[in-house]
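Data first, discussion second: the structure below is written as structure tokens.
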Amino acid sequence: MDESVGSVDSVPKVVVCPGCEREVPNGAIYCPYCCGDDGRDGATRRGGFIGGLCGLMVGGVLAAIWSTVVGPERATWGVTFGVVVACMATGMMWGMLRQRGRR
């Protein structure tokens, strides 16, 4: 029977971060490579930024498709801009919540 199964030595000293796949000390709350020195708040801000950029791109594509479908004479600036802003805000919230949920 293997004696090291229940021993303290079987606990790994490092674990692999699922985000960047680098080794971090076991027990670290945040990866110093992904989250930096500012930890969870920095990760949440970065998640919101990346989500906002993705939402901006999706909103731009949706606004372009909508403008093409309804025609240039019916596509108003306010609705087109509203679609882009709504998608960007949704992307920011999604990115922040997604990062906030990671542990």
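Note on naming: chains are A, B, ... as they come in the structure tokens, residues start from 1 per chain, ligands start from 1 in the order shown.
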
Give the strand (DSSP E) residues of chain A, as DSSP finds them on the backbone, and put them as a ChimeraX atom specification.
/A:14-16,23-25

Extract, using only C-alpha atoms, all DNA, RNA and protein residues at most 10 Å from A:Gly59, discarding same-chain residues fewer than 4 positions from it, and format them as number ranges by chain.
A: 53-55, 63-65, 80-91

Serialized selection, all heavy atoms, as a compact mmCIF listing (two decimals), in the first residue's frame:
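result_24.txt was written with the following content:
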# COMPACT_ATOMS: atom_id res chain seq x y z
N LEU A 53 -15.47 45.50 -25.64
CA LEU A 53 -14.95 45.48 -27.02
C LEU A 53 -15.69 44.46 -27.89
O LEU A 53 -16.04 44.75 -29.04
CB LEU A 53 -13.45 45.17 -27.02
CG LEU A 53 -12.53 46.28 -26.57
CD1 LEU A 53 -11.09 45.79 -26.59
CD2 LEU A 53 -12.67 47.49 -27.46
N CYS A 54 -15.93 43.30 -27.33
CA CYS A 54 -16.68 42.27 -28.07
C CYS A 54 -18.10 42.75 -28.36
O CYS A 54 -18.61 42.58 -29.46
CB CYS A 54 -16.71 40.95 -27.30
SG CYS A 54 -15.12 40.15 -27.19
N GLY A 55 -18.73 43.37 -27.36
CA GLY A 55 -20.08 43.91 -27.56
C GLY A 55 -20.11 45.01 -28.59
O GLY A 55 -21.05 45.13 -29.38
N ALA A 63 -25.88 46.50 -36.18
CA ALA A 63 -26.36 47.78 -36.71
C ALA A 63 -26.20 47.83 -38.22
O ALA A 63 -27.08 48.33 -38.92
CB ALA A 63 -25.62 48.93 -36.05
N ALA A 64 -25.11 47.30 -38.72
CA ALA A 64 -24.90 47.27 -40.18
C ALA A 64 -25.93 46.36 -40.86
O ALA A 64 -26.49 46.72 -41.90
CB ALA A 64 -23.48 46.81 -40.49
N ILE A 65 -26.18 45.21 -40.26
CA ILE A 65 -27.18 44.30 -40.83
C ILE A 65 -28.56 44.93 -40.78
O ILE A 65 -29.31 44.91 -41.77
CB ILE A 65 -27.15 42.94 -40.10
CG1 ILE A 65 -25.86 42.20 -40.42
CG2 ILE A 65 -28.36 42.10 -40.48
CD1 ILE A 65 -25.65 40.96 -39.57
N THR A 80 -29.56 53.13 -34.69
CA THR A 80 -28.30 52.44 -35.00
C THR A 80 -27.30 52.62 -33.86
O THR A 80 -26.67 51.65 -33.42
CB THR A 80 -27.70 52.99 -36.31
OG1 THR A 80 -28.68 52.89 -37.33
CG2 THR A 80 -26.47 52.23 -36.71
N PHE A 81 -27.17 53.83 -33.37
CA PHE A 81 -26.26 54.09 -32.26
C PHE A 81 -26.74 53.38 -30.99
O PHE A 81 -25.94 52.87 -30.21
CB PHE A 81 -26.16 55.61 -32.03
CG PHE A 81 -25.17 55.99 -30.98
CD1 PHE A 81 -23.81 55.84 -31.20
CD2 PHE A 81 -25.59 56.50 -29.76
CE1 PHE A 81 -22.88 56.19 -30.24
CE2 PHE A 81 -24.67 56.86 -28.79
CZ PHE A 81 -23.31 56.71 -29.03
N GLY A 82 -28.05 53.36 -30.77
CA GLY A 82 -28.61 52.67 -29.61
C GLY A 82 -28.30 51.18 -29.60
O GLY A 82 -28.02 50.60 -28.55
N VAL A 83 -28.36 50.55 -30.77
CA VAL A 83 -28.04 49.13 -30.87
C VAL A 83 -26.58 48.89 -30.49
O VAL A 83 -26.26 47.96 -29.74
CB VAL A 83 -28.34 48.60 -32.29
CG1 VAL A 83 -27.74 47.23 -32.51
CG2 VAL A 83 -29.84 48.57 -32.54
N VAL A 84 -25.70 49.74 -30.98
CA VAL A 84 -24.27 49.58 -30.69
C VAL A 84 -24.00 49.79 -29.20
O VAL A 84 -23.29 48.99 -28.57
CB VAL A 84 -23.43 50.55 -31.55
CG1 VAL A 84 -21.98 50.52 -31.12
CG2 VAL A 84 -23.56 50.21 -33.01
N VAL A 85 -24.59 50.82 -28.62
CA VAL A 85 -24.36 51.10 -27.19
C VAL A 85 -24.96 50.00 -26.32
O VAL A 85 -24.34 49.57 -25.34
CB VAL A 85 -24.93 52.49 -26.82
CG1 VAL A 85 -24.94 52.69 -25.32
CG2 VAL A 85 -24.13 53.58 -27.49
N ALA A 86 -26.14 49.52 -26.68
CA ALA A 86 -26.76 48.45 -25.89
C ALA A 86 -25.93 47.17 -25.94
O ALA A 86 -25.75 46.50 -24.92
CB ALA A 86 -28.17 48.18 -26.41
N CYS A 87 -25.40 46.84 -27.10
CA CYS A 87 -24.55 45.64 -27.22
C CYS A 87 -23.25 45.82 -26.44
O CYS A 87 -22.77 44.88 -25.81
CB CYS A 87 -24.27 45.33 -28.68
SG CYS A 87 -25.68 44.63 -29.55
N MET A 88 -22.68 47.02 -26.48
CA MET A 88 -21.45 47.26 -25.75
C MET A 88 -21.69 47.16 -24.24
O MET A 88 -20.90 46.53 -23.52
CB MET A 88 -20.88 48.64 -26.09
CG MET A 88 -19.52 48.89 -25.48
SD MET A 88 -18.81 50.46 -25.94
CE MET A 88 -19.68 51.55 -24.85
N ALA A 89 -22.78 47.74 -23.76
CA ALA A 89 -23.09 47.67 -22.33
C ALA A 89 -23.37 46.23 -21.90
O ALA A 89 -22.91 45.80 -20.83
CB ALA A 89 -24.29 48.57 -22.01
N THR A 90 -24.07 45.50 -22.73
CA THR A 90 -24.34 44.09 -22.42
C THR A 90 -23.05 43.29 -22.39
O THR A 90 -22.84 42.46 -21.50
CB THR A 90 -25.31 43.49 -23.45
OG1 THR A 90 -26.52 44.26 -23.45
CG2 THR A 90 -25.63 42.05 -23.14
N GLY A 91 -22.16 43.56 -23.33
CA GLY A 91 -20.87 42.88 -23.35
C GLY A 91 -20.03 43.19 -22.13
O GLY A 91 -19.37 42.31 -21.56

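Take atom CA of A:Gly27 and atom CA of A:Phe49: the distance between them is 27.5 Å.
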
In Å, how far is it from atom CA of A:Pro25 to atom CA of A:Lys13?
6.0 Å

Compare A:Val14, A:Trp77, A:Arg45, A:Glu23 by their minimum atom-to-atom distance to A:Met93, counting only C-alpha atoms, and give me the closest one.
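Closest to A:Met93, using only C-alpha atoms: A:Arg45.
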
May I have all residues of chain A that DSSP, computed from the backbone, assigns to alpha helix (DSSP H), given as an NGL selection string?
:A and (39-70 or 77-101)

Need the shell around stretch 17-19 of chain A: protein/DNA/RNA residues with any atom at most 12 Å away, counting only C-alpha atoms. Skip same-chain ones fewer than 2 positions apart. Format as a count of residues only?
21

Atom CA of A:Trp94 to atom CA of A:Gly60, distance in Å rounded to a single decimal:
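Here the two named atoms are 17.4 Å from each other.
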